[in-house]
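The data block below is final.cif; it holds mmCIF, C-alpha atoms.
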data_start
#
loop_
_atom_site.label_atom_id
_atom_site.label_comp_id
_atom_site.auth_asym_id
_atom_site.auth_seq_id
_atom_site.Cartn_x
_atom_site.Cartn_y
_atom_site.Cartn_z
CA MET A 51 -42.70 15.16 -10.13
CA LYS A 52 -41.78 11.85 -8.47
CA LYS A 53 -38.32 10.63 -9.52
CA VAL A 54 -37.32 6.97 -9.45
CA PHE A 55 -33.71 5.79 -9.42
CA THR A 56 -32.13 2.40 -10.07
CA VAL A 57 -28.62 1.10 -10.72
CA GLY A 58 -26.96 -1.85 -12.43
CA VAL A 59 -24.44 -3.14 -14.94
CA PHE A 60 -26.92 -3.74 -17.80
CA ASP A 61 -24.33 -5.42 -20.02
CA LEU A 62 -26.41 -7.61 -22.29
CA LEU A 63 -29.83 -6.00 -22.36
CA HIS A 64 -32.75 -8.40 -22.31
CA LYS A 65 -36.46 -8.39 -21.57
CA GLY A 66 -35.81 -8.57 -17.83
CA HIS A 67 -34.05 -5.20 -17.96
CA VAL A 68 -36.81 -3.65 -20.05
CA LEU A 69 -39.47 -4.96 -17.67
CA LEU A 70 -37.46 -3.64 -14.70
CA PHE A 71 -37.38 -0.18 -16.27
CA LYS A 72 -41.09 -0.36 -17.08
CA ARG A 73 -42.00 -1.41 -13.54
CA ALA A 74 -39.66 1.17 -12.00
CA LYS A 75 -41.05 3.96 -14.18
CA ALA A 76 -44.58 3.03 -13.06
CA LEU A 77 -43.55 4.01 -9.51
CA GLY A 78 -43.11 7.65 -10.52
CA ASP A 79 -42.94 10.16 -13.33
CA TYR A 80 -39.22 10.22 -14.20
CA LEU A 81 -36.75 7.31 -14.26
CA ILE A 82 -33.02 7.76 -13.72
CA VAL A 83 -30.84 4.73 -14.41
CA ALA A 84 -27.21 4.54 -13.27
CA VAL A 85 -24.95 2.26 -15.31
CA GLN A 86 -21.87 0.95 -13.50
CA ASP A 87 -18.49 1.96 -14.91
CA SER A 88 -16.66 -0.98 -16.54
CA GLU A 89 -13.40 -0.39 -14.64
CA THR A 90 -15.25 -0.53 -11.34
CA ILE A 91 -16.99 -3.78 -12.28
CA LEU A 92 -13.61 -5.37 -13.00
CA LYS A 93 -12.15 -3.95 -9.77
CA TYR A 94 -14.71 -5.87 -7.72
CA LYS A 95 -15.13 -8.84 -10.07
CA PRO A 96 -11.83 -9.32 -11.95
CA ASP A 97 -13.21 -12.42 -13.70
CA ALA A 98 -16.34 -10.64 -14.95
CA GLU A 99 -16.87 -10.81 -18.67
CA VAL A 100 -18.21 -7.39 -19.57
CA VAL A 101 -19.12 -7.43 -23.25
CA ASN A 102 -20.07 -3.80 -23.83
CA SER A 103 -18.20 -0.63 -22.87
CA THR A 104 -19.65 1.81 -20.35
CA ASP A 105 -20.55 4.22 -23.16
CA ASP A 106 -22.24 1.49 -25.20
CA ARG A 107 -24.25 0.27 -22.20
CA CYS A 108 -25.35 3.85 -21.46
CA LEU A 109 -26.44 4.32 -25.08
CA MET A 110 -28.49 1.13 -25.02
CA VAL A 111 -30.14 1.90 -21.68
CA ASP A 112 -30.88 5.46 -22.78
CA SER A 113 -32.66 4.14 -25.89
CA ILE A 114 -35.32 2.36 -23.81
CA LYS A 115 -38.50 4.42 -23.78
CA TYR A 116 -39.09 4.11 -20.03
CA VAL A 117 -35.71 5.67 -19.17
CA ASP A 118 -35.56 9.46 -18.87
CA GLU A 119 -31.94 9.92 -17.79
CA VAL A 120 -28.77 7.83 -17.61
CA VAL A 121 -25.78 8.47 -15.36
CA VAL A 122 -22.58 6.50 -14.76
CA TYR A 123 -21.54 5.36 -11.30
CA LYS A 124 -18.68 3.59 -9.62
CA ASP A 125 -20.11 2.57 -6.22
CA VAL A 126 -23.80 2.45 -5.36
CA ASP A 127 -23.36 3.95 -1.91
CA THR A 128 -21.55 6.99 -3.32
CA ILE A 129 -23.94 7.66 -6.24
CA VAL A 130 -27.14 7.50 -4.17
CA PRO A 131 -26.48 10.76 -2.26
CA MET A 132 -25.51 12.51 -5.50
CA VAL A 133 -28.76 11.94 -7.43
CA ASP A 134 -32.05 13.76 -6.90
CA PHE A 135 -34.72 11.06 -6.51
CA ASP A 136 -37.69 10.02 -4.39
CA VAL A 137 -37.74 6.22 -4.83
CA PHE A 138 -34.71 3.92 -4.97
CA VAL A 139 -35.42 0.65 -6.77
CA THR A 140 -33.24 -2.36 -6.08
CA GLY A 141 -33.29 -5.97 -7.22
CA GLY A 142 -33.47 -8.94 -4.93
CA ASP A 143 -29.95 -9.96 -5.97
CA GLN A 144 -28.42 -6.57 -5.10
CA THR A 145 -27.39 -7.41 -1.56
CA HIS A 146 -23.69 -6.58 -1.12
CA ALA A 147 -22.48 -4.15 1.55
CA GLY A 148 -22.62 -1.13 -0.77
CA PHE A 149 -26.34 -1.70 -1.27
CA HIS A 150 -26.86 -1.98 2.48
CA ARG A 151 -25.14 1.39 2.92
CA ALA A 152 -27.17 2.91 0.06
CA VAL A 153 -30.46 1.66 1.53
CA LYS A 154 -29.46 2.97 4.97
CA TRP A 155 -28.72 6.38 3.43
CA CYS A 156 -32.17 6.34 1.78
CA GLU A 157 -33.86 5.45 5.06
CA ASP A 158 -31.95 8.18 6.91
CA ASN A 159 -32.85 10.76 4.26
CA GLY A 160 -36.56 10.05 3.75
CA LYS A 161 -36.24 8.19 0.44
CA GLU A 162 -38.55 5.31 -0.37
CA VAL A 163 -36.85 1.98 -1.16
CA THR A 164 -38.58 -0.65 -3.28
CA THR A 165 -37.24 -4.06 -4.23
CA LEU A 166 -38.49 -5.51 -7.51
CA SER A 167 -38.18 -9.20 -8.29
CA ARG A 168 -36.21 -10.48 -11.26
CA THR A 169 -37.92 -11.66 -14.42
CA GLU A 170 -38.04 -15.44 -14.34
CA ASN A 171 -35.81 -17.48 -16.66
CA VAL A 172 -33.65 -14.68 -18.06
CA SER A 173 -30.29 -13.22 -17.04
CA SER A 174 -27.25 -11.76 -18.74
CA SER A 175 -25.10 -14.54 -17.26
CA GLU A 176 -27.34 -17.21 -18.77
CA ILE A 177 -27.29 -15.46 -22.15
CA LYS A 178 -23.47 -15.28 -22.09
CA GLU A 179 -23.28 -18.97 -21.17
CA HIS A 180 -25.67 -19.89 -23.97
CA ILE A 181 -23.57 -17.93 -26.48
CA LYS A 182 -20.38 -19.69 -25.31
CA GLN A 183 -21.97 -23.10 -25.75
CA HIS A 184 -23.21 -22.37 -29.24
#

Have the structure of the file written as structure tokens, please.
Amino acid sequence: MKKVFTVGVFDLLHKGHVLLFKRAKALGDYLIVAVQDSETILKYKPDAEVVNSTDDRCLMVDSIKYVDEVVVYKDVDTIVPMVDFDVFVTGGDQTHAGFHRAVKWCEDNGKEVTTLSRTENVSSSEIKEHIKQH
């Protein structure tokens, strides 16, 4: 069985997230999604406006039919060695130092790394901004 792994905040779920999960699942047989812990998000981005709790975000991600397992993580470079997977899926916007270390770990340990592009014209930030304006 080929296991695929991806990580993210997944605060306000939208079609871009669902399509990410669908495309990631197509790369293997089993999809593991790590949802970032709310406290950690605020540690790195104190001004972030996280709408849903960690538990709520996990529940929502877990309800998507393409997702087989959900785990919680603090830092991407520390969760990657802890999960059993074959393919690590990243997004083009996931470029901070932790992702560089995670990708390096994958390369050093024989894991495939695939970057999937974002879905055009949709993002949680844009949705939050639209809600504020209306």

Result set, the PyMOL selection byres ((chain A and resi 84) around 6) on current file, as a PyMOL selection string: chain A and resi 57+83+85+120-122

Shell around A:Thr90 at 9 Å using all atoms listed in the file, local window under 5 positions removed, as a list in words: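 Once the nearby chain positions are removed, what remains is Lys95, Tyr123, Lys124 and Asp125 of chain A.
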
Neighbour list for A:Leu63 as a PyMOL selection string, cut-off 8 Å, all atoms listed in the file, skip fewer than 3 positions in-chain: chain A and resi 60+66-68+110-111+174

Answer key for the PyMOL selection byres ((chain A and resi 142) around 12), residues as an NGL selection string: :A and (70 or 139-141 or 143-146 or 149 or 164-169)

Edge lengths and centre, in Å to one decimal, as JSON: that's what I need for the box along x, y and z that holds all listed atoms of stretch 79-84 of chain A plus 3 Å on each side.
{"center_x": -35.1, "center_y": 7.4, "center_z": -13.8, "size_x": 21.7, "size_y": 11.7, "size_z": 7.1}

Selection under test: the PyMOL selection byres ((chain A and resi 88) around 8); residues as number ranges by chain: A: 86-87, 89-92, 100, 103-104

All residues 10 Å or closer to A:Cys156, only C-alpha atoms, same chain fewer than 2 positions away omitted, as a list of chain:residue names: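 Residues near the query, excluding close chain neighbours: A:Asp127, A:Val130, A:Pro131, A:Phe135, A:Asp136, A:Val137, A:Phe138, A:His150, A:Arg151, A:Ala152, A:Val153, A:Lys154, A:Asp158, A:Asn159, A:Gly160, A:Lys161, A:Glu162, A:Val163.
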
Between atom CA of A:Met51 and atom CA of A:Asp79, distance in Å (one decimal): 5.9 Å

Top pick for closest residue to A:Val54, considering A:Cys108, A:Ile114, A:Leu77, A:Val101 and counting only C-alpha atoms: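 Among A:Cys108, A:Ile114, A:Leu77, A:Val101, it is A:Leu77 that comes nearest to A:Val54.
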